[in-house]
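Novice: Just one file: target_38.pdb, with PDB, C-alpha atoms and all ligand atoms.
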```pdb
MODEL        1
ATOM      1  CA  MET C   1      -0.803 -20.946  -5.225  1.00  0.00           C
ATOM      2  CA  ARG C   2      -3.563 -21.538  -2.744  1.00  0.00           C
ATOM      3  CA  LEU C   3      -4.923 -17.983  -2.889  1.00  0.00           C
ATOM      4  CA  ARG C   4      -5.007 -17.681  -6.673  1.00  0.00           C
ATOM      5  CA  ASN C   5      -7.880 -18.358  -9.058  1.00  0.00           C
ATOM      6  CA  LYS C   6     -10.856 -18.343  -6.723  1.00  0.00           C
ATOM      7  CA  PRO C   7     -13.793 -17.911  -9.154  1.00  0.00           C
ATOM      8  CA  TRP C   8     -16.252 -16.900  -6.412  1.00  0.00           C
ATOM      9  CA  ALA C   9     -13.972 -14.047  -5.358  1.00  0.00           C
ATOM     10  CA  LYS C  10     -13.451 -12.862  -8.929  1.00  0.00           C
ATOM     11  CA  GLU C  11     -17.229 -12.928  -9.512  1.00  0.00           C
ATOM     12  CA  LYS C  12     -17.898 -10.852  -6.406  1.00  0.00           C
ATOM     13  CA  ILE C  13     -15.242  -8.301  -7.390  1.00  0.00           C
ATOM     14  CA  ALA C  14     -16.712  -8.057 -10.901  1.00  0.00           C
ATOM     15  CA  SER C  15     -20.156  -7.341  -9.460  1.00  0.00           C
ATOM     16  CA  TYR C  16     -18.900  -4.207  -7.651  1.00  0.00           C
ATOM     17  CA  PRO C  17     -17.209  -2.154 -10.424  1.00  0.00           C
ATOM     18  CA  GLN C  18     -18.047   1.027  -8.492  1.00  0.00           C
ATOM     19  CA  TYR C  19     -15.628  -0.083  -5.747  1.00  0.00           C
ATOM     20  CA  VAL C  20     -13.003  -2.212  -7.541  1.00  0.00           C
ATOM     21  CA  ALA C  21     -12.159  -0.402 -10.775  1.00  0.00           C
ATOM     22  CA  PRO C  22     -12.432  -3.074 -13.526  1.00  0.00           C
ATOM     23  CA  ASN C  23     -10.298  -1.224 -16.125  1.00  0.00           C
ATOM     24  CA  PRO C  24      -7.921   0.917 -14.099  1.00  0.00           C
ATOM     25  CA  GLU C  25      -5.771   1.712 -17.168  1.00  0.00           C
ATOM     26  CA  GLN C  26      -8.429   4.241 -18.213  1.00  0.00           C
ATOM     27  CA  TYR C  27      -7.709   6.435 -15.181  1.00  0.00           C
ATOM     28  CA  LYS C  28      -3.945   6.666 -15.683  1.00  0.00           C
ATOM     29  CA  GLY C  29      -3.051  10.349 -15.318  1.00  0.00           C
ATOM     30  CA  LYS C  30      -6.655  11.297 -14.431  1.00  0.00           C
ATOM     31  CA  TRP C  31      -7.689   9.560 -11.223  1.00  0.00           C
ATOM     32  CA  HIS C  32      -9.344  12.844 -10.171  1.00  0.00           C
ATOM     33  CA  GLU C  33     -12.059  12.010 -12.745  1.00  0.00           C
ATOM     34  CA  LEU C  34     -12.934   8.835 -10.851  1.00  0.00           C
ATOM     35  CA  PHE C  35     -13.045  10.576  -7.472  1.00  0.00           C
ATOM     36  CA  GLY C  36     -14.646  13.769  -8.819  1.00  0.00           C
ATOM     37  CA  ASN C  37     -12.175  16.067  -7.040  1.00  0.00           C
ATOM     38  CA  ASP C  38      -8.495  17.085  -7.004  1.00  0.00           C
ATOM     39  CA  HIS C  39      -7.647  15.803  -3.540  1.00  0.00           C
ATOM     40  CA  PRO C  40      -4.238  14.143  -3.044  1.00  0.00           C
ATOM     41  CA  LEU C  41      -4.038  10.423  -3.836  1.00  0.00           C
ATOM     42  CA  HIS C  42      -2.461   7.970  -1.373  1.00  0.00           C
ATOM     43  CA  ILE C  43      -2.174   4.264  -2.197  1.00  0.00           C
ATOM     44  CA  GLU C  44      -1.482   1.179  -0.112  1.00  0.00           C
ATOM     45  CA  ILE C  45       0.344  -1.687  -1.791  1.00  0.00           C
ATOM     46  CA  GLY C  46      -0.559  -5.094  -0.393  1.00  0.00           C
ATOM     47  CA  THR C  47      -3.745  -3.891   1.249  1.00  0.00           C
ATOM     48  CA  GLY C  48      -4.754  -7.375   2.377  1.00  0.00           C
ATOM     49  CA  LYS C  49      -8.172  -7.388   4.048  1.00  0.00           C
ATOM     50  CA  GLY C  50      -8.387  -3.595   4.060  1.00  0.00           C
ATOM     51  CA  GLN C  51      -8.645  -2.567   7.696  1.00  0.00           C
ATOM     52  CA  PHE C  52      -5.899   0.080   7.396  1.00  0.00           C
ATOM     53  CA  ILE C  53      -7.046   1.711   4.163  1.00  0.00           C
ATOM     54  CA  VAL C  54     -10.706   1.790   5.256  1.00  0.00           C
ATOM     55  CA  GLY C  55      -9.661   3.362   8.572  1.00  0.00           C
ATOM     56  CA  MET C  56      -7.509   5.940   6.791  1.00  0.00           C
ATOM     57  CA  ALA C  57     -10.269   6.831   4.330  1.00  0.00           C
ATOM     58  CA  LYS C  58     -12.756   7.304   7.176  1.00  0.00           C
ATOM     59  CA  ALA C  59     -10.326   9.453   9.168  1.00  0.00           C
ATOM     60  CA  ASN C  60      -9.226  11.631   6.206  1.00  0.00           C
ATOM     61  CA  PRO C  61     -12.161  12.438   3.902  1.00  0.00           C
ATOM     62  CA  HIS C  62     -10.104  15.033   1.974  1.00  0.00           C
ATOM     63  CA  ILE C  63      -7.570  12.479   0.811  1.00  0.00           C
ATOM     64  CA  ASN C  64      -8.346   9.916  -1.878  1.00  0.00           C
ATOM     65  CA  TYR C  65      -7.161   6.363  -1.253  1.00  0.00           C
ATOM     66  CA  ILE C  66      -6.593   3.300  -3.390  1.00  0.00           C
ATOM     67  CA  GLY C  67      -5.918  -0.102  -1.838  1.00  0.00           C
ATOM     68  CA  ILE C  68      -3.965  -2.458  -4.116  1.00  0.00           C
ATOM     69  CA  GLU C  69      -4.011  -6.198  -3.556  1.00  0.00           C
ATOM     70  CA  ARG C  70      -3.151  -8.954  -6.000  1.00  0.00           C
ATOM     71  CA  TYR C  71      -5.211 -11.824  -4.610  1.00  0.00           C
ATOM     72  CA  PRO C  72      -8.973 -11.792  -5.289  1.00  0.00           C
ATOM     73  CA  SER C  73      -9.663 -14.070  -2.315  1.00  0.00           C
ATOM     74  CA  VAL C  74      -7.995 -11.521  -0.012  1.00  0.00           C
ATOM     75  CA  ILE C  75      -9.261  -8.253  -1.498  1.00  0.00           C
ATOM     76  CA  VAL C  76     -12.876  -9.430  -1.187  1.00  0.00           C
ATOM     77  CA  SER C  77     -12.599  -8.851   2.563  1.00  0.00           C
ATOM     78  CA  ALA C  78     -11.530  -5.253   1.873  1.00  0.00           C
ATOM     79  CA  LEU C  79     -14.424  -5.009  -0.573  1.00  0.00           C
ATOM     80  CA  ASP C  80     -16.856  -6.158   2.146  1.00  0.00           C
ATOM     81  CA  LYS C  81     -15.608  -3.357   4.410  1.00  0.00           C
ATOM     82  CA  LEU C  82     -15.988  -0.805   1.612  1.00  0.00           C
ATOM     83  CA  ILE C  83     -19.531  -2.000   0.807  1.00  0.00           C
ATOM     84  CA  GLU C  84     -20.410  -1.613   4.485  1.00  0.00           C
ATOM     85  CA  ASN C  85     -18.913   1.884   4.746  1.00  0.00           C
ATOM     86  CA  ASP C  86     -19.531   3.226   1.205  1.00  0.00           C
ATOM     87  CA  LEU C  87     -16.610   5.664   1.327  1.00  0.00           C
ATOM     88  CA  PRO C  88     -16.479   8.054  -1.666  1.00  0.00           C
ATOM     89  CA  ASN C  89     -12.712   8.571  -1.202  1.00  0.00           C
ATOM     90  CA  LEU C  90     -11.664   4.897  -1.345  1.00  0.00           C
ATOM     91  CA  ARG C  91     -11.350   2.520  -4.275  1.00  0.00           C
ATOM     92  CA  LEU C  92      -9.645  -0.856  -4.618  1.00  0.00           C
ATOM     93  CA  LEU C  93      -7.519  -2.347  -7.378  1.00  0.00           C
ATOM     94  CA  ASN C  94      -7.084  -6.084  -7.790  1.00  0.00           C
ATOM     95  CA  VAL C  95      -3.711  -5.893  -9.565  1.00  0.00           C
ATOM     96  CA  ASN C  96      -0.066  -6.764  -9.042  1.00  0.00           C
ATOM     97  CA  ALA C  97       2.157  -3.893  -7.861  1.00  0.00           C
ATOM     98  CA  LYS C  98       4.804  -4.784 -10.452  1.00  0.00           C
ATOM     99  CA  ASP C  99       2.395  -3.368 -13.072  1.00  0.00           C
ATOM    100  CA  LEU C 100       1.788  -0.039 -11.296  1.00  0.00           C
ATOM    101  CA  GLU C 101       2.959   2.005 -14.286  1.00  0.00           C
ATOM    102  CA  ARG C 102       0.088   0.624 -16.373  1.00  0.00           C
ATOM    103  CA  TYR C 103      -2.362   2.349 -14.032  1.00  0.00           C
ATOM    104  CA  PHE C 104      -0.563   5.430 -12.704  1.00  0.00           C
ATOM    105  CA  ALA C 105       1.333   8.217 -14.491  1.00  0.00           C
ATOM    106  CA  LYS C 106       4.210  10.203 -13.003  1.00  0.00           C
ATOM    107  CA  GLY C 107       2.770  12.547 -10.398  1.00  0.00           C
ATOM    108  CA  ASP C 108      -0.550  10.719  -9.866  1.00  0.00           C
ATOM    109  CA  VAL C 109       0.328   9.589  -6.323  1.00  0.00           C
ATOM    110  CA  GLU C 110       1.517  11.636  -3.328  1.00  0.00           C
ATOM    111  CA  ARG C 111       2.159   8.856  -0.854  1.00  0.00           C
ATOM    112  CA  ILE C 112       2.587   5.076  -0.830  1.00  0.00           C
ATOM    113  CA  TYR C 113       1.877   2.931   2.222  1.00  0.00           C
ATOM    114  CA  LEU C 114       3.611  -0.423   2.609  1.00  0.00           C
ATOM    115  CA  ASN C 115       2.286  -2.318   5.617  1.00  0.00           C
ATOM    116  CA  PHE C 116       3.644  -5.674   6.749  1.00  0.00           C
ATOM    117  CA  SER C 117       4.921  -6.495   3.286  1.00  0.00           C
ATOM    118  CA  ASP C 118       5.945 -10.111   2.721  1.00  0.00           C
ATOM    119  CA  PRO C 119       9.558 -10.335   3.991  1.00  0.00           C
ATOM    120  CA  TRP C 120      10.940 -12.828   1.429  1.00  0.00           C
ATOM    121  CA  PRO C 121      13.847 -13.631   3.792  1.00  0.00           C
ATOM    122  CA  LYS C 122      15.877 -15.713   1.323  1.00  0.00           C
ATOM    123  CA  LYS C 123      18.542 -13.688  -0.482  1.00  0.00           C
ATOM    124  CA  ARG C 124      17.561 -15.241  -3.808  1.00  0.00           C
ATOM    125  CA  HIS C 125      14.072 -13.735  -3.372  1.00  0.00           C
ATOM    126  CA  GLU C 126      15.371 -10.219  -2.628  1.00  0.00           C
ATOM    127  CA  LYS C 127      13.901  -8.820  -5.857  1.00  0.00           C
ATOM    128  CA  ARG C 128      10.394  -9.716  -4.646  1.00  0.00           C
ATOM    129  CA  ARG C 129      10.623  -7.458  -1.576  1.00  0.00           C
ATOM    130  CA  LEU C 130       8.463  -4.373  -2.092  1.00  0.00           C
ATOM    131  CA  THR C 131      11.355  -2.204  -0.885  1.00  0.00           C
ATOM    132  CA  TYR C 132      13.885  -3.620  -3.394  1.00  0.00           C
ATOM    133  CA  LYS C 133      15.506  -0.958  -5.577  1.00  0.00           C
ATOM    134  CA  SER C 134      13.497  -1.846  -8.704  1.00  0.00           C
ATOM    135  CA  PHE C 135      10.263  -1.237  -6.745  1.00  0.00           C
ATOM    136  CA  LEU C 136      11.669   2.072  -5.445  1.00  0.00           C
ATOM    137  CA  GLN C 137      12.269   3.049  -9.092  1.00  0.00           C
ATOM    138  CA  LEU C 138       8.726   1.988  -9.982  1.00  0.00           C
ATOM    139  CA  TYR C 139       7.312   4.088  -7.133  1.00  0.00           C
ATOM    140  CA  GLU C 140       9.378   7.077  -8.250  1.00  0.00           C
ATOM    141  CA  ASN C 141       7.802   6.747 -11.703  1.00  0.00           C
ATOM    142  CA  ILE C 142       4.280   7.257 -10.328  1.00  0.00           C
ATOM    143  CA  LEU C 143       4.875   9.590  -7.349  1.00  0.00           C
ATOM    144  CA  VAL C 144       4.940  13.366  -7.354  1.00  0.00           C
ATOM    145  CA  ASP C 145       8.404  14.887  -6.918  1.00  0.00           C
ATOM    146  CA  GLY C 146       9.042  14.745  -3.189  1.00  0.00           C
ATOM    147  CA  GLY C 147       6.547  11.884  -2.798  1.00  0.00           C
ATOM    148  CA  GLU C 148       6.635   9.685   0.296  1.00  0.00           C
ATOM    149  CA  ILE C 149       6.685   6.046   1.362  1.00  0.00           C
ATOM    150  CA  HIS C 150       5.332   5.160   4.811  1.00  0.00           C
ATOM    151  CA  PHE C 151       6.404   1.691   5.887  1.00  0.00           C
ATOM    152  CA  LYS C 152       5.405  -0.506   8.861  1.00  0.00           C
ATOM    153  CA  THR C 153       6.482  -4.028   9.690  1.00  0.00           C
ATOM    154  CA  ASP C 154       7.031  -6.416  12.583  1.00  0.00           C
ATOM    155  CA  ASN C 155       9.990  -7.971  10.742  1.00  0.00           C
ATOM    156  CA  GLN C 156      13.298  -6.545  11.983  1.00  0.00           C
ATOM    157  CA  GLY C 157      15.279  -8.061   9.106  1.00  0.00           C
ATOM    158  CA  LEU C 158      12.994  -6.551   6.472  1.00  0.00           C
ATOM    159  CA  PHE C 159      12.996  -3.208   8.292  1.00  0.00           C
ATOM    160  CA  GLU C 160      16.795  -3.019   8.420  1.00  0.00           C
ATOM    161  CA  TYR C 161      17.065  -4.167   4.799  1.00  0.00           C
ATOM    162  CA  SER C 162      14.520  -1.518   3.760  1.00  0.00           C
ATOM    163  CA  LEU C 163      16.279   1.326   5.595  1.00  0.00           C
ATOM    164  CA  VAL C 164      19.485   0.441   3.735  1.00  0.00           C
ATOM    165  CA  SER C 165      17.622   0.097   0.419  1.00  0.00           C
ATOM    166  CA  PHE C 166      15.889   3.487   0.908  1.00  0.00           C
ATOM    167  CA  SER C 167      19.181   5.139   1.838  1.00  0.00           C
ATOM    168  CA  GLN C 168      21.142   3.610  -1.060  1.00  0.00           C
ATOM    169  CA  TYR C 169      18.440   4.792  -3.450  1.00  0.00           C
ATOM    170  CA  GLY C 170      18.848   8.346  -2.128  1.00  0.00           C
ATOM    171  CA  LEU C 171      15.579   8.660  -0.213  1.00  0.00           C
ATOM    172  CA  LEU C 172      15.457  10.991   2.782  1.00  0.00           C
ATOM    173  CA  LEU C 173      14.538   9.543   6.166  1.00  0.00           C
ATOM    174  CA  GLN C 174      11.889  11.721   7.791  1.00  0.00           C
ATOM    175  CA  TYR C 175      10.666   9.596  10.687  1.00  0.00           C
ATOM    176  CA  VAL C 176      11.691   6.330  12.277  1.00  0.00           C
ATOM    177  CA  SER C 177      10.324   4.356  15.222  1.00  0.00           C
ATOM    178  CA  LEU C 178      11.802   1.099  16.476  1.00  0.00           C
ATOM    179  CA  ASP C 179       8.782   0.516  18.725  1.00  0.00           C
ATOM    180  CA  LEU C 180       5.735   2.225  17.261  1.00  0.00           C
ATOM    181  CA  HIS C 181       3.235   1.182  19.917  1.00  0.00           C
ATOM    182  CA  ASN C 182       5.452   2.623  22.665  1.00  0.00           C
ATOM    183  CA  SER C 183       6.281   5.814  20.808  1.00  0.00           C
ATOM    184  CA  ASP C 184       4.715   9.275  20.716  1.00  0.00           C
ATOM    185  CA  PHE C 185       3.352   8.701  17.184  1.00  0.00           C
ATOM    186  CA  GLU C 186      -0.292   9.773  17.106  1.00  0.00           C
ATOM    187  CA  GLY C 187      -3.173   8.587  14.961  1.00  0.00           C
ATOM    188  CA  ASN C 188      -1.805   5.141  14.122  1.00  0.00           C
ATOM    189  CA  ILE C 189      -4.353   2.997  12.302  1.00  0.00           C
ATOM    190  CA  MET C 190      -3.707  -0.691  12.782  1.00  0.00           C
ATOM    191  CA  THR C 191      -3.632  -3.233   9.973  1.00  0.00           C
ATOM    192  CA  GLU C 192      -4.892  -6.795  10.419  1.00  0.00           C
ATOM    193  CA  TYR C 193      -1.320  -8.126  10.627  1.00  0.00           C
ATOM    194  CA  GLU C 194      -0.338  -5.373  13.043  1.00  0.00           C
ATOM    195  CA  GLU C 195      -3.140  -6.376  15.412  1.00  0.00           C
ATOM    196  CA  LYS C 196      -2.150 -10.019  15.160  1.00  0.00           C
ATOM    197  CA  PHE C 197       1.583  -9.511  15.717  1.00  0.00           C
ATOM    198  CA  SER C 198       1.303  -6.860  18.419  1.00  0.00           C
ATOM    199  CA  ALA C 199      -1.155  -9.069  20.338  1.00  0.00           C
ATOM    200  CA  LYS C 200       1.631 -11.678  20.407  1.00  0.00           C
ATOM    201  CA  GLY C 201       4.026  -9.081  21.830  1.00  0.00           C
ATOM    202  CA  SER C 202       5.940  -8.294  18.639  1.00  0.00           C
ATOM    203  CA  ARG C 203       7.494  -4.871  18.315  1.00  0.00           C
ATOM    204  CA  ILE C 204       6.318  -2.775  15.355  1.00  0.00           C
ATOM    205  CA  TYR C 205       8.828  -0.790  13.285  1.00  0.00           C
ATOM    206  CA  ARG C 206       7.799   2.241  11.262  1.00  0.00           C
ATOM    207  CA  CYS C 207       9.494   4.786   9.012  1.00  0.00           C
ATOM    208  CA  GLU C 208       8.628   7.562   6.586  1.00  0.00           C
ATOM    209  CA  VAL C 209      10.929   8.329   3.671  1.00  0.00           C
ATOM    210  CA  LYS C 210      10.730  10.963   0.972  1.00  0.00           C
ATOM    211  CA  TYR C 211      12.027  11.209  -2.586  1.00  0.00           C
ATOM    212  CA  PRO C 212      14.125  14.334  -2.976  1.00  0.00           C
ATOM    213  CA  ASN C 213      12.444  17.041  -5.070  1.00  0.00           C
ATOM    214  CA  ASP C 214      15.458  17.447  -7.324  1.00  0.00           C
ATOM    215  CA  LYS C 215      16.463  13.767  -7.844  1.00  0.00           C
ATOM    216  CA  LYS C 216      17.882  13.032 -11.333  1.00  0.00           C
TER     217      LYS C 216
HETATM  218  C1  LIG S   1       1.626  -9.992   4.836  1.00  0.00           C
HETATM  219  S1  LIG S   1       0.229  -9.395   4.019  1.00  0.00           S
HETATM  220  C2  LIG S   1      -0.144  -7.863   4.885  1.00  0.00           C
HETATM  221  C3  LIG S   1      -1.541  -7.367   4.619  1.00  0.00           C
HETATM  222  C4  LIG S   1      -1.894  -6.008   5.234  1.00  0.00           C
HETATM  223  N1  LIG S   1      -1.074  -4.952   4.665  1.00  0.00           N
HETATM  224  C5  LIG S   1      -1.760  -6.028   6.721  1.00  0.00           C
HETATM  225  O1  LIG S   1      -0.807  -5.437   7.237  1.00  0.00           O
HETATM  226  O2  LIG S   1      -2.628  -6.624   7.382  1.00  0.00           O
HETATM  227  C6  LIG S   1       0.916  -8.807   2.498  1.00  0.00           C
HETATM  228  C7  LIG S   1      -0.132  -8.592   1.428  1.00  0.00           C
HETATM  229  O3  LIG S   1       0.497  -7.994   0.311  1.00  0.00           O
HETATM  230  C8  LIG S   1      -0.007  -8.582  -0.866  1.00  0.00           C
HETATM  231  N2  LIG S   1       1.014  -8.426  -1.919  1.00  0.00           N
HETATM  232  C9  LIG S   1       2.270  -8.895  -1.887  1.00  0.00           C
HETATM  233  N3  LIG S   1       2.925  -8.580  -3.011  1.00  0.00           N
HETATM  234  C10 LIG S   1       2.046  -7.872  -3.776  1.00  0.00           C
HETATM  235  C11 LIG S   1       2.131  -7.284  -5.063  1.00  0.00           C
HETATM  236  N4  LIG S   1       3.256  -7.377  -5.800  1.00  0.00           N
HETATM  237  N5  LIG S   1       1.058  -6.633  -5.549  1.00  0.00           N
HETATM  238  C12 LIG S   1      -0.088  -6.545  -4.817  1.00  0.00           C
HETATM  239  N6  LIG S   1      -0.230  -7.104  -3.597  1.00  0.00           N
HETATM  240  C13 LIG S   1       0.825  -7.758  -3.080  1.00  0.00           C
HETATM  241  C14 LIG S   1      -0.214 -10.043  -0.481  1.00  0.00           C
HETATM  242  O4  LIG S   1      -1.099 -10.710  -1.351  1.00  0.00           O
HETATM  243  C15 LIG S   1      -0.751  -9.887   0.939  1.00  0.00           C
HETATM  244  O5  LIG S   1      -2.163  -9.777   0.967  1.00  0.00           O
ENDMDL
END
```
What does the file become when written as structure tokens?
Specialist:
Amino acid sequence: MRLRNKPWAKEKIASYPQYVAPNPEQYKGKWHELFGNDHPLHIEIGTGKGQFIVGMAKANPHINYIGIERYPSVIVSALDKLIENDLPNLRLLNVNAKDLERYFAKGDVERIYLNFSDPWPKKRHEKRRLTYKSFLQLYENILVDGGEIHFKTDNQGLFEYSLVSFSQYGLLLQYVSLDLHNSDFEGNIMTEYEEKFSAKGSRIYRCEVKYPNDKK
């Protein structure tokens, strides 16, 4: 893949261990030790170049954030933003979301953000969608009881698929917008993709779902 194995990006990430945790396994079950407080932890999966998570961390200093992105050549842009802003409540992880349970214990995370996740439109790639049932199980294994997923996308097919997937898994729909930028939702922080697609006139879909407290 074009984005993989960029030595310059890996070197830059390695030179900022205070921002991109080099051995995140050590914080499993005790992320509060890294942040030095007991504030709630929200994570974004597929953080890309980091505009959303940096904006959220600036706007909400009493919430801890972790941006997760698998490609070094992409996460370095998020790292640049974090270096510039030096936010004590934001850290980055250069890992693949399929390995989340290596880094987070049940109850570590209160909320997961999925923004403009890759749609993988072919049916044979369904399992790669970050809202596929096996990912919903993975998220359940790291979230608090009653934890939330907040999801935004420009892709109508992925949005409809995800609503069905959430519902079939037993998640509770708390909020839905079929046109976020023309809705009454306040405090939206745009991602890079959101800016790009909305500038082209695309409609943005958004929902919030919650795991029931008494599931299982
Ligand atoms: C379409 S981009 C959207 C980026 C950003 N969220 C935005 O809205 O601007 C999706 C990002 O998710 C990342 N990604 C996809 N699958 C991932 C996974 N399993 N683990 C970590 N990152 C992933 C991709 O590398 C890519 O940077």
Novice: Residues at most 12 Å from Ser202 in chain C, counting all atoms listed in the file, excluding those fewer than 6 positions away in the same chain, as JSON, numbers by chain?
Specialist: {"C": [153, 154, 155, 156, 178, 179, 180, 181, 182, 193, 194, 195, 196]}
Novice: Around ligand LIG 1 (chain S), out to 10 Å and counting only C-alpha atoms and all ligand atoms, which residues are there? I want them as a PDB file with C-alpha atoms, in the frame of the given file.
Specialist:
```
ATOM      1  CA  LEU C   3      -4.923 -17.983  -2.889  1.00  0.00           C
ATOM      2  CA  ARG C   4      -5.007 -17.681  -6.673  1.00  0.00           C
ATOM      3  CA  GLU C  44      -1.482   1.179  -0.112  1.00  0.00           C
ATOM      4  CA  ILE C  45       0.344  -1.687  -1.791  1.00  0.00           C
ATOM      5  CA  GLY C  46      -0.559  -5.094  -0.393  1.00  0.00           C
ATOM      6  CA  THR C  47      -3.745  -3.891   1.249  1.00  0.00           C
ATOM      7  CA  GLY C  48      -4.754  -7.375   2.377  1.00  0.00           C
ATOM      8  CA  LYS C  49      -8.172  -7.388   4.048  1.00  0.00           C
ATOM      9  CA  GLY C  50      -8.387  -3.595   4.060  1.00  0.00           C
ATOM     10  CA  GLN C  51      -8.645  -2.567   7.696  1.00  0.00           C
ATOM     11  CA  PHE C  52      -5.899   0.080   7.396  1.00  0.00           C
ATOM     12  CA  ILE C  53      -7.046   1.711   4.163  1.00  0.00           C
ATOM     13  CA  GLY C  67      -5.918  -0.102  -1.838  1.00  0.00           C
ATOM     14  CA  ILE C  68      -3.965  -2.458  -4.116  1.00  0.00           C
ATOM     15  CA  GLU C  69      -4.011  -6.198  -3.556  1.00  0.00           C
ATOM     16  CA  ARG C  70      -3.151  -8.954  -6.000  1.00  0.00           C
ATOM     17  CA  TYR C  71      -5.211 -11.824  -4.610  1.00  0.00           C
ATOM     18  CA  PRO C  72      -8.973 -11.792  -5.289  1.00  0.00           C
ATOM     19  CA  SER C  73      -9.663 -14.070  -2.315  1.00  0.00           C
ATOM     20  CA  VAL C  74      -7.995 -11.521  -0.012  1.00  0.00           C
ATOM     21  CA  ILE C  75      -9.261  -8.253  -1.498  1.00  0.00           C
ATOM     22  CA  LEU C  93      -7.519  -2.347  -7.378  1.00  0.00           C
ATOM     23  CA  ASN C  94      -7.084  -6.084  -7.790  1.00  0.00           C
ATOM     24  CA  VAL C  95      -3.711  -5.893  -9.565  1.00  0.00           C
ATOM     25  CA  ASN C  96      -0.066  -6.764  -9.042  1.00  0.00           C
ATOM     26  CA  ALA C  97       2.157  -3.893  -7.861  1.00  0.00           C
ATOM     27  CA  LYS C  98       4.804  -4.784 -10.452  1.00  0.00           C
ATOM     28  CA  ASP C  99       2.395  -3.368 -13.072  1.00  0.00           C
ATOM     29  CA  LEU C 100       1.788  -0.039 -11.296  1.00  0.00           C
ATOM     30  CA  TYR C 113       1.877   2.931   2.222  1.00  0.00           C
ATOM     31  CA  LEU C 114       3.611  -0.423   2.609  1.00  0.00           C
ATOM     32  CA  ASN C 115       2.286  -2.318   5.617  1.00  0.00           C
ATOM     33  CA  PHE C 116       3.644  -5.674   6.749  1.00  0.00           C
ATOM     34  CA  SER C 117       4.921  -6.495   3.286  1.00  0.00           C
ATOM     35  CA  ASP C 118       5.945 -10.111   2.721  1.00  0.00           C
ATOM     36  CA  PRO C 119       9.558 -10.335   3.991  1.00  0.00           C
ATOM     37  CA  ARG C 128      10.394  -9.716  -4.646  1.00  0.00           C
ATOM     38  CA  ARG C 129      10.623  -7.458  -1.576  1.00  0.00           C
ATOM     39  CA  LEU C 130       8.463  -4.373  -2.092  1.00  0.00           C
ATOM     40  CA  PHE C 135      10.263  -1.237  -6.745  1.00  0.00           C
ATOM     41  CA  LYS C 152       5.405  -0.506   8.861  1.00  0.00           C
ATOM     42  CA  THR C 153       6.482  -4.028   9.690  1.00  0.00           C
ATOM     43  CA  ASP C 154       7.031  -6.416  12.583  1.00  0.00           C
ATOM     44  CA  MET C 190      -3.707  -0.691  12.782  1.00  0.00           C
ATOM     45  CA  THR C 191      -3.632  -3.233   9.973  1.00  0.00           C
ATOM     46  CA  GLU C 192      -4.892  -6.795  10.419  1.00  0.00           C
ATOM     47  CA  TYR C 193      -1.320  -8.126  10.627  1.00  0.00           C
ATOM     48  CA  GLU C 194      -0.338  -5.373  13.043  1.00  0.00           C
ATOM     49  CA  GLU C 195      -3.140  -6.376  15.412  1.00  0.00           C
ATOM     50  CA  LYS C 196      -2.150 -10.019  15.160  1.00  0.00           C
ATOM     51  CA  PHE C 197       1.583  -9.511  15.717  1.00  0.00           C
TER      52      PHE C 197
END
```
Novice: Care to translate the PyMOL selection byres (((chain C and resi 16-21) around 9) and not hetatm) into actual residues of this file, as a list in words?
Specialist: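 For this structure, the PyMOL selection byres (((chain C and resi 16-21) around 9) and not hetatm) captures Lys12, Ile13, Ala14, Ser15, Pro22, Asn23, Pro24, Leu79, Leu82, Ile83, Asp86, Leu90, Arg91, Leu92, Leu93 and Asn94 of chain C.
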Novice: Would you output that residue set with C-alpha atoms, as a compact mmCIF listing (two decimals), in the coordinates of the input?
Specialist:
```txt
# COMPACT_ATOMS: atom_id res chain seq x y z
CA LYS C 12 -17.90 -10.85 -6.41
CA ILE C 13 -15.24 -8.30 -7.39
CA ALA C 14 -16.71 -8.06 -10.90
CA SER C 15 -20.16 -7.34 -9.46
CA PRO C 22 -12.43 -3.07 -13.53
CA ASN C 23 -10.30 -1.22 -16.12
CA PRO C 24 -7.92 0.92 -14.10
CA LEU C 79 -14.42 -5.01 -0.57
CA LEU C 82 -15.99 -0.80 1.61
CA ILE C 83 -19.53 -2.00 0.81
CA ASP C 86 -19.53 3.23 1.20
CA LEU C 90 -11.66 4.90 -1.34
CA ARG C 91 -11.35 2.52 -4.28
CA LEU C 92 -9.64 -0.86 -4.62
CA LEU C 93 -7.52 -2.35 -7.38
CA ASN C 94 -7.08 -6.08 -7.79
```
Novice: Which residues, protein or nucleic acid, reach to within 12 Å of (10.8, 2.6, -11.8) in the file's coordinates when using all atoms listed in the file, and can you give that as a PyMOL selection string?
Specialist: chain C and resi 97-102+104-106+131-143+169
Novice: Using only C-alpha atoms, which of the listed residues (C:Lys200, C:Lys127, C:Glu84, C:Lys210) sits closest to Ile112 in chain C?
Specialist: C:Lys210
Novice: One number please: CA of His150 in chain C to CA of Gln26 in chain C, in Å, one decimal.
Specialist: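 Computed distance, CA of His150 in chain C to CA of Gln26 in chain C, equals 26.8 Å.
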Novice: Given the file shown, enumerate the residues that the PyMOL selection byres (((chain C and resi 175) around 6) and not hetatm) captures and present them as number ranges by chain.
Specialist: C: 173-174, 176, 207-208
Novice: Please produce a file of the residues just selected, as a tab-separated table (two decimals), in the frame of the given file, where the atoms kept are C-alpha atoms.
Specialist:
```tsv
chain	number	residue	atom	x	y	z
C	173	LEU	CA	14.54	9.54	6.17
C	174	GLN	CA	11.89	11.72	7.79
C	176	VAL	CA	11.69	6.33	12.28
C	207	CYS	CA	9.49	4.79	9.01
C	208	GLU	CA	8.63	7.56	6.59
```
Novice: Tell me, in Å to one decimal, how far CA of Gly201 in chain C is from CA of Val76 in chain C.
Specialist: 28.6 Å
Novice: To one decimal in Å, tell me the separation between CA of Pro40 in chain C and CA of His62 in chain C.
Specialist: 7.8 Å
Novice: Nearest residue to Ile204 in chain C out of C:Phe151, C:Val144, C:Gly170, C:Tyr161, using only C-alpha atoms?
Specialist: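 Of C:Phe151, C:Val144, C:Gly170, C:Tyr161, the one nearest Ile204 in chain C, counting only C-alpha atoms, is C:Phe151.
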